[in-house]
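Colleague: Structure in structure tokens, see below.
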Amino acid sequence: MLWIMLLAPLVGAVLNGLVLRRAPKWISHLVAVGSMAVAFAAAVAVYLQMMKSGGEPQVYFALNWLDAGAFHAPFQYIVDRLSGLMMLVVTGIGTLIHIYAGGYMHEEEKTYRFFTYLNLFVFMMLQLVMGDNLMVMFVGWEGVGLCSYLLIGYWFHDDNNAAAGMKAFLVNRIGDIGFLFGIFLTYKHFGTVSFSELRELIGAGSLDAVKVGAIGWITLCLFIGATGKSAQLPLYVWLPDAMAGPTPVSALIHAATMVTAGIYMMTRLNFMFYLAPMTMQVVAVIGGLTAFFAATIALVQSDIKKVLAYSTVSQLGYMVMACGVGAFEAGVFHLFTHACFKALMFLGAGSVIVAMHHEQDMFKMGGLRKYMPITHLVFLVGVLAIIGMPPFAGFFSKDEILWKAFIGGGPLLWGLGAVTAGCTSFYMVRLLCLTFYGAHRGGHHDSHAKSHDNSHDHHAHKADHSHGNHVPHETGVDMWGPLVVLALLSASVGFLGVPHVLGGHNLFEEYLKPIILIPESAQEHWEFLEATYSHNLELGLMAASVIVMVIASGTAIALYGRGPASVLTKWKTSFAGAYSTLSNKYYLDEFYFAKIVQPVRDMAEFLWAFVDVKVIDGAVNGVAELCSFMAGSISFKMTGSVHRHAMVLVVGLVCLLSVLVFN
Amino acid sequence: MVPVEFYFILACVMFTLGLFGALFRRNIIMVLMSIELMLNAVNLVFVAAGRSIGNVDGQVMVLFVITVAACEAAVGLAMVIALFRKYGTVNTDILRLLRG
């Protein structure tokens with residue numbers, strides 16, 4: 001069963017990419033969805049089998065891979081509560097998005113390439129989450145990075161898209177170097193890269209000081225990898241640009257699955273992170289700051305996908321913060337709920353974009369509720385889930401994180417999280433109002449054509465695809481069907497993690513308990529902290545964050561409920577500095593460009609124009625020219641006259657003979 | 001009985017004539033003939049020396065030299081004909097393809 005799950009997406013990718021290149025669109029769609037459905041069914045079977053045997057980890061050996069001396073890294077897969085959950089998310093949400101993608105891509109002439117990449121991505125993602133050692137995880141880690149690159153630059157005829165793909169790839173490489181060094185250090189100090197063996201080794205305790213120190217470095221290196229893949233400060237810059245890809249890609253890769261790889265990796269290695277308090281602090285602070293900064297940037301974006309992108313960065317920051325304060329269960333819980341509602345919102349945004357004929361500027365939308373009732377409804381569910389309206393999914397997972405941040409990280413971290421929650425509510429409600437409520441502001445042909453230039457999610461508009469009237473329309477069932485499923489999930493999965501103080505049992509935390517291997521001292525510390533704070537405080541904080549959410553949403557409704565309020569233009573000029581800082585994303589891209597990209601380019605230019613052309617080529621050409629010159633200076637002796645040659649021969653012979661005879 | 005030194009002196013004269021002919025004649029046919037002359041000078045030394053010390057080795061050697069010289073003359077003249085066909089001349093002042 002496990003093999004069917006792992007190989008089905010690969011089979012789909014091979015069929016689509018190599019065999020069925022000439023097949024019509026519906027066949028490549030069918031193959032892609034079919035392989036995903038098979039994978040999902042197999043995943044459910046594997047999962048049930050695992051849970052039937054008590055949720056104990058099961059290890060499956062496939063084949064030997066790296067086997068050099070004492071170093072072993074076979075293709076070996078682990079099914080336990082954590083990877084089981086991840087495989088369900090990846091295949092389940094992946095299937096829904098594959099179904100949706102068929103509708104989204106129907107304007108394309110050929111889609112086999114798209115579905116090949118998408119299936120390949122799922123295959124790689126499964127390698128990442130199922131692998132039982134760091135090397136297999138790394139294979140998946142790089143594989144999903146590759147597919148992400150290919151899909152961001154899917155419409156590579158536009159240079160912007162190709163550049164966005166390259167940016168994602170390069171920024172991720174920086175993180176991957178950290179990840180690789182983490183693997184090297186792990187092997188150096190523990191002699192193994194297998195998760196199960198590491199867990200036993202470290203869980204047994206009795207580590208000497210050197211090893212504990214090494215764990216600090218290992219976790220820090222691995223976290224650098226996570227900042228790349230999971231779009232954390234300072235490497236998050238690639239994710240907003242990644243919105244250049246088709247929207248289903250943004251939903252699957254850049255919201256639901258791939259970007260959560262960092263959180264998954266940290267949770268998988270939680271036993272190491274617990275032993276590295278320094279790293280944990282770094283992780284918590286980075287997570288909190290990322291959540292906050294990304295949320296503030298999202299406040300002023302006008303591109304619907306950009307808002308969602310920064311929102312994703314911000315929510316990933318929450319998850320990382322949860323890992324940093326030691327609440328890995330809360331992080332994974334939020335990962336799970338976020339996968340549902342953010343996939344929902346991205347797909348909803350995709351439907352809006354299709355309905356608006358590839359207009360992404362929210363200020364040109366408005367009033368879509370009339371035209372797209374179903375999309376509006378499911379999008380509303382998504383928004384309620386992400387802003388943490390009880391009892392939607394985001395409420396439980398986000399408050400779990402905020403509570404854990406309060407007891408594990410202190411009031412400051414909680415405050416950062418709460419402010420972020422306020423920002424989240426504001427920009428999400430703003431997005432909702434601008435898109436679905438108020439009067440319809442789009443639909444004029446000229447504005448449409450003009451905006452097409454800066455629209456990143458750019459379809460090749462065919463001439464025969466004429467829209468006589470520009471009234472937006474509801475999408476087909478193949479597109480809103482998955483949305484409805486995701487909306488139901490977003491509304492309900494939160495109940496898996498109802499905290500104790502609200503009378504629940506926090507099933508999710510109980511479920512993940514066996515994965516977490518917390519050292520005794522840290523365990524005592526946690527219990528001490530939990531005991532210090534009363535239930536009333538937890539309820540109070542919960543109420544506080546709900547109040548923040550309500551106030552922020554209210555403000556957003558007041559300002560954007562009937563289209564952008566006129567006071568906004570005034571604010572824009574009176575707070576011009578703050579506004580331009582935010583809308584230019586704190587000038588981080590410009591900073592990177594000036595301080596990193598440009599010096600690297602200058603150095604490359606120096607190496608090319610001076611070192612390569614002048615020094616290296618100069619040396620080679622110089623030697624050749626020297627030889628040529630020297631040969632030229634004596635070549636006049638070579639007269640070509642046979643007699644001259646014979647003469648020289650005879651004279652030489654005479655000289656030699658005379659030496660021999662008279663000596 | 002002519003003293004053997006006379007033969008040697010004659011051989012020396014012939015060799016020198018051949019050598020100078022090979023070095024200074026411009027016609028390739030003349031050059032080839034001069035080389036033949038040098039070979040015959042050597043042959044003369046072989047035969048004379050062999051005779052004077054009562055040894056037939058010199059005469060055997062001469063038979064070989066004559067054989068090789070015949071081959072050399074055949075090949076050389078063939079090349080001369082080829083050269084003449086191609087360039088219309090056998091003058092070595094004109095045939096200077098190896099000029100640097």
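Just remember, in the structure tokens the first chain shown is A, the second B, etc., residues are 1-based per chain, and ligands are 1-based in the order shown.
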Each residue of segment 75-123 of chain A with at least one atom at most 9 Å from segment 338-346 of chain A should appear once, together with its nearest atom pair and the corresponding distance in Å (one decimal); atoms considered: only C-alpha atoms; ordering: chain, then increasing residue number; output as a Markdown table.

Modeller:
| residue | atom | partner | partner_atom | distance |
| --- | --- | --- | --- | --- |
| A:Val89 | CA | A:Ala339 | CA | 7.6 |
| A:Ile93 | CA | A:Cys340 | CA | 7.4 |
| A:Ile97 | CA | A:Ala343 | CA | 8.1 |

Colleague: Mind writing the picked residues with N, CA and C atoms as a CSV table (one decimal), in the first residue's frame?

Modeller:
chain,number,residue,atom,x,y,z
A,89,VAL,N,-2.5,15.0,4.4
A,89,VAL,CA,-2.7,16.4,3.9
A,89,VAL,C,-2.2,16.5,2.5
A,93,ILE,N,-5.3,17.1,0.1
A,93,ILE,CA,-5.5,18.4,-0.5
A,93,ILE,C,-4.9,18.5,-1.9
A,97,ILE,N,-6.8,19.9,-5.2
A,97,ILE,CA,-6.2,20.9,-6.1
A,97,ILE,C,-6.0,20.5,-7.5

Colleague: Using only C-alpha atoms, select each residue of chain A with any atom at most 7 Å away from an atom of chain B, and give the selection as a list in words.

Modeller: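 Written out as asked, the residues are Ser635, Phe636, Met638, Thr639, Gly640, Ser641, Val642, His643, Ala646 and Met647 of chain A.
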
Colleague: Check the smallest atom-to-atom distance from each of A:Met542, A:Ile304, A:Met105, A:Met603 to Val249 of chain A using only C-alpha atoms, then report the winner.

Modeller: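 Result for the nearest residue to Val249 of chain A: A:Met105.
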
Colleague: Report the distance between atom CA of His106 of chain A and atom CA of Cys147 of chain A in Å, rounded to one decimal place.

Modeller: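 Computing the Euclidean distance for atom CA of His106 of chain A and atom CA of Cys147 of chain A yields 21.0 Å.
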
Colleague: For Leu39 of chain B, which of B:Gly18, B:Gln59, B:Ala78, B:Ser52 is the closest residue, counting only C-alpha atoms?

Modeller: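 Nearest to Leu39 of chain B: B:Gly18.
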
Colleague: What is the atom CA of Pro564 of chain A-atom CA of Tyr310 of chain A distance in Å, reported with one decimal?

Modeller: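 The value is 20.6 Å.
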
Colleague: Once you count only C-alpha atoms, what closest atom pair and distance in Å to one decimal does each residue of segment 98-157 of chain A within 12 Å of segment 55-74 of chain A have, with rows by chain and rising residue number, as a Markdown table?

Modeller:
| residue | atom | partner | partner_atom | distance |
| --- | --- | --- | --- | --- |
| A:Gln127 | CA | A:Ala62 | CA | 12.0 |
| A:Met130 | CA | A:Val59 | CA | 9.6 |
| A:Gly131 | CA | A:Pro74 | CA | 9.4 |
| A:Asp132 | CA | A:Val59 | CA | 7.6 |
| A:Asn133 | CA | A:Ala73 | CA | 6.7 |
| A:Leu134 | CA | A:Ala73 | CA | 8.2 |
| A:Met135 | CA | A:Ala73 | CA | 6.4 |
| A:Val136 | CA | A:Ala73 | CA | 7.5 |
| A:Met137 | CA | A:Ala73 | CA | 10.5 |
| A:Phe138 | CA | A:Ala73 | CA | 11.1 |
| A:Val139 | CA | A:Ala73 | CA | 11.3 |

Colleague: Those residues with N, CA and C atoms, as an mmCIF file, in the first residue's frame please?

Modeller:
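Okay, part_22.cif is ready:
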data_model
loop_
_atom_site.group_PDB
_atom_site.id
_atom_site.type_symbol
_atom_site.label_atom_id
_atom_site.label_comp_id
_atom_site.auth_asym_id
_atom_site.auth_seq_id
_atom_site.Cartn_x
_atom_site.Cartn_y
_atom_site.Cartn_z
ATOM 1 N N GLN A 127 8.349 11.983 -0.638
ATOM 2 C CA GLN A 127 9.701 11.591 -0.226
ATOM 3 C C GLN A 127 10.112 12.378 1.008
ATOM 4 N N MET A 130 7.933 11.249 4.092
ATOM 5 C CA MET A 130 7.956 9.850 4.496
ATOM 6 C C MET A 130 9.368 9.344 4.785
ATOM 7 N N GLY A 131 10.370 10.016 4.286
ATOM 8 C CA GLY A 131 11.731 9.520 4.419
ATOM 9 C C GLY A 131 12.130 9.289 5.865
ATOM 10 N N ASP A 132 12.866 8.213 6.079
ATOM 11 C CA ASP A 132 13.254 7.889 7.446
ATOM 12 C C ASP A 132 14.653 8.377 7.768
ATOM 13 N N ASN A 133 15.320 9.026 6.847
ATOM 14 C CA ASN A 133 16.591 9.619 7.225
ATOM 15 C C ASN A 133 16.743 10.969 6.536
ATOM 16 N N LEU A 134 17.729 11.706 7.017
ATOM 17 C CA LEU A 134 17.875 13.078 6.545
ATOM 18 C C LEU A 134 18.193 13.135 5.059
ATOM 19 N N MET A 135 18.880 12.085 4.538
ATOM 20 C CA MET A 135 19.257 12.140 3.134
ATOM 21 C C MET A 135 18.028 12.013 2.236
ATOM 22 N N VAL A 136 17.131 11.077 2.558
ATOM 23 C CA VAL A 136 15.915 10.942 1.750
ATOM 24 C C VAL A 136 15.082 12.207 1.877
ATOM 25 N N MET A 137 15.052 12.753 3.091
ATOM 26 C CA MET A 137 14.329 14.005 3.272
ATOM 27 C C MET A 137 14.945 15.092 2.397
ATOM 28 N N PHE A 138 16.262 15.062 2.318
ATOM 29 C CA PHE A 138 16.933 16.080 1.507
ATOM 30 C C PHE A 138 16.605 15.905 0.027
ATOM 31 N N VAL A 139 16.505 14.648 -0.407
ATOM 32 C CA VAL A 139 16.110 14.409 -1.797
ATOM 33 C C VAL A 139 14.760 15.057 -2.060
#

Colleague: List the spatial neighbours of segment 390-393 of chain A as a list in words - criterion: any atom at most 7 Å away, only C-alpha atoms, same-chain residues fewer than 3 positions off excluded.

Modeller: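 Here the qualifying residues turn out to be Thr337, Leu384, Ala385, Phe396, Ser397, Ser490, Ala491, Ser492, Val493 and Gly494 of chain A.
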
Colleague: Output the selection as a PDB file, in the first residue's frame - N, CA and C atoms for each residue.

Modeller:
ATOM      1  N   THR A 337      -4.501  22.976   9.915  1.00  0.00           N
ATOM      2  CA  THR A 337      -5.663  23.821   9.641  1.00  0.00           C
ATOM      3  C   THR A 337      -5.337  24.838   8.549  1.00  0.00           C
ATOM      4  N   LEU A 384     -13.069  33.587   7.758  1.00  0.00           N
ATOM      5  CA  LEU A 384     -13.421  33.401   9.166  1.00  0.00           C
ATOM      6  C   LEU A 384     -12.448  32.435   9.824  1.00  0.00           C
ATOM      7  N   ALA A 385     -12.024  31.437   9.070  1.00  0.00           N
ATOM      8  CA  ALA A 385     -11.088  30.470   9.655  1.00  0.00           C
ATOM      9  C   ALA A 385      -9.751  31.135   9.929  1.00  0.00           C
ATOM     10  N   PHE A 396      -8.924  27.760  16.914  1.00  0.00           N
ATOM     11  CA  PHE A 396      -8.316  26.824  17.857  1.00  0.00           C
ATOM     12  C   PHE A 396      -6.812  26.736  17.675  1.00  0.00           C
ATOM     13  N   SER A 397      -6.411  26.640  16.413  1.00  0.00           N
ATOM     14  CA  SER A 397      -4.973  26.429  16.217  1.00  0.00           C
ATOM     15  C   SER A 397      -4.194  27.693  16.558  1.00  0.00           C
ATOM     16  N   SER A 490     -12.256  23.437   6.558  1.00  0.00           N
ATOM     17  CA  SER A 490     -11.827  24.615   7.301  1.00  0.00           C
ATOM     18  C   SER A 490     -12.768  24.913   8.449  1.00  0.00           C
ATOM     19  N   ALA A 491     -14.018  24.601   8.252  1.00  0.00           N
ATOM     20  CA  ALA A 491     -14.971  24.894   9.305  1.00  0.00           C
ATOM     21  C   ALA A 491     -14.893  23.887  10.430  1.00  0.00           C
ATOM     22  N   SER A 492     -14.432  22.672  10.094  1.00  0.00           N
ATOM     23  CA  SER A 492     -14.603  21.615  11.091  1.00  0.00           C
ATOM     24  C   SER A 492     -13.319  21.123  11.737  1.00  0.00           C
ATOM     25  N   VAL A 493     -12.172  21.174  11.033  1.00  0.00           N
ATOM     26  CA  VAL A 493     -11.007  20.475  11.592  1.00  0.00           C
ATOM     27  C   VAL A 493     -10.553  21.083  12.912  1.00  0.00           C
ATOM     28  N   GLY A 494     -10.961  22.303  13.189  1.00  0.00           N
ATOM     29  CA  GLY A 494     -10.561  22.911  14.450  1.00  0.00           C
ATOM     30  C   GLY A 494     -11.024  22.117  15.652  1.00  0.00           C
TER      31      GLY A 494
END

Colleague: For a test of reading the model, state the distance in Å between atom CA of Phe8 of chain B and atom CA of Gly54 of chain B, rounded to one decimal.

Modeller: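 One can read the atom CA of Phe8 of chain B to atom CA of Gly54 of chain B distance as 16.5 Å.
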
Colleague: Rank A:Ile218, A:Ile518, A:Val237, A:Ala42 by their smallest atom-to-atom distance to Phe328 of chain A, using only C-alpha atoms, and report the top residue only.

Modeller: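 Answer, going by the shortest atom-to-atom distance: A:Ile518.
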
Colleague: Tell me which protein, DNA and RNA residues are within 12 Å of Ala45 of chain A, counting only C-alpha atoms, leaving out same-chain ones fewer than 6 positions away, and put them as a PyMOL selection string.

Modeller: chain A and resi 1-5+38-39+51-52+79+84+87-88

Colleague: Pick out the residues sitting within 7 Å of Ile297 of chain A, and hand them over as a PyMOL selection string; count only C-alpha atoms, and ignore anything fewer than 6 positions along from it in its own chain.

Modeller: chain A and resi 310+582-583+585

Colleague: Tell me which protein, DNA and RNA residues are within 12 Å of segment 525-535 of chain A, counting only C-alpha atoms, leaving out same-chain ones fewer than 3 positions away, and put them as a list of chain:residue names.

Modeller: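 Those residues are A:Tyr274, A:Val325, A:Gly326, A:Ala327, A:Trp403, A:Lys404, A:Ala405, A:Phe406, A:Ile407, A:Gly408, A:Gly409, A:Gly410, A:Pro499, A:His500, A:Val501, A:Leu502, A:Gly503, A:Ile518, A:Pro519, A:Glu520, A:Ser521, A:Ala522, A:Glu538, A:Leu539, A:Gly540, A:Leu541, A:Met542.
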
Colleague: For the selection just defined, write its residues with N, CA and C atoms to a file, as a compact mmCIF listing (two decimals), in the first residue's frame.

Modeller:
# COMPACT_ATOMS: atom_id res chain seq x y z
N TYR A 274 14.80 20.40 21.29
CA TYR A 274 14.60 20.60 22.73
C TYR A 274 15.92 20.73 23.47
N VAL A 325 8.88 27.91 20.72
CA VAL A 325 8.59 27.88 22.16
C VAL A 325 8.37 26.46 22.64
N GLY A 326 8.59 25.49 21.76
CA GLY A 326 8.51 24.09 22.19
C GLY A 326 7.14 23.48 22.03
N ALA A 327 6.21 24.21 21.41
CA ALA A 327 4.87 23.67 21.22
C ALA A 327 4.76 23.12 19.81
N TRP A 403 -1.27 30.94 23.13
CA TRP A 403 -1.21 30.54 24.54
C TRP A 403 0.16 29.93 24.86
N LYS A 404 0.60 29.05 23.95
CA LYS A 404 1.90 28.42 24.18
C LYS A 404 3.02 29.45 24.09
N ALA A 405 2.83 30.43 23.21
CA ALA A 405 3.83 31.49 23.10
C ALA A 405 3.87 32.30 24.39
N PHE A 406 2.73 32.47 24.99
CA PHE A 406 2.68 33.26 26.23
C PHE A 406 3.40 32.54 27.35
N ILE A 407 3.09 31.26 27.53
CA ILE A 407 3.73 30.58 28.66
C ILE A 407 5.16 30.17 28.32
N GLY A 408 5.43 29.87 27.06
CA GLY A 408 6.77 29.41 26.72
C GLY A 408 7.71 30.55 26.35
N GLY A 409 7.17 31.64 25.86
CA GLY A 409 8.04 32.69 25.34
C GLY A 409 7.86 34.02 26.02
N GLY A 410 6.85 34.15 26.82
CA GLY A 410 6.66 35.40 27.53
C GLY A 410 5.65 36.31 26.89
N PRO A 499 -9.13 23.07 23.12
CA PRO A 499 -8.30 23.00 24.33
C PRO A 499 -9.10 22.60 25.56
N HIS A 500 -8.37 22.19 26.57
CA HIS A 500 -9.02 21.70 27.78
C HIS A 500 -9.88 22.76 28.43
N VAL A 501 -9.41 24.01 28.37
CA VAL A 501 -10.11 25.05 29.11
C VAL A 501 -11.49 25.30 28.51
N LEU A 502 -11.67 24.94 27.23
CA LEU A 502 -13.00 25.08 26.66
C LEU A 502 -13.78 23.78 26.74
N GLY A 503 -13.32 22.89 27.57
CA GLY A 503 -14.05 21.65 27.78
C GLY A 503 -13.73 20.57 26.78
N ILE A 518 10.41 14.83 24.66
CA ILE A 518 10.82 16.01 25.40
C ILE A 518 11.75 15.57 26.53
N PRO A 519 12.91 16.21 26.67
CA PRO A 519 13.81 15.82 27.75
C PRO A 519 13.18 16.14 29.11
N GLU A 520 13.61 15.39 30.11
CA GLU A 520 12.93 15.48 31.40
C GLU A 520 12.94 16.89 31.98
N SER A 521 14.10 17.53 31.88
CA SER A 521 14.20 18.86 32.49
C SER A 521 13.21 19.82 31.82
N ALA A 522 13.14 19.73 30.47
CA ALA A 522 12.23 20.62 29.76
C ALA A 522 10.78 20.29 30.11
N GLU A 538 -5.71 31.86 30.59
CA GLU A 538 -5.82 31.34 29.22
C GLU A 538 -7.11 31.83 28.57
N LEU A 539 -8.20 31.76 29.36
CA LEU A 539 -9.48 32.26 28.83
C LEU A 539 -9.38 33.75 28.52
N GLY A 540 -8.71 34.47 29.41
CA GLY A 540 -8.58 35.91 29.22
C GLY A 540 -7.84 36.24 27.95
N LEU A 541 -6.72 35.52 27.75
CA LEU A 541 -5.94 35.77 26.53
C LEU A 541 -6.74 35.45 25.29
N MET A 542 -7.50 34.37 25.40
CA MET A 542 -8.33 33.96 24.28
C MET A 542 -9.33 35.07 23.96
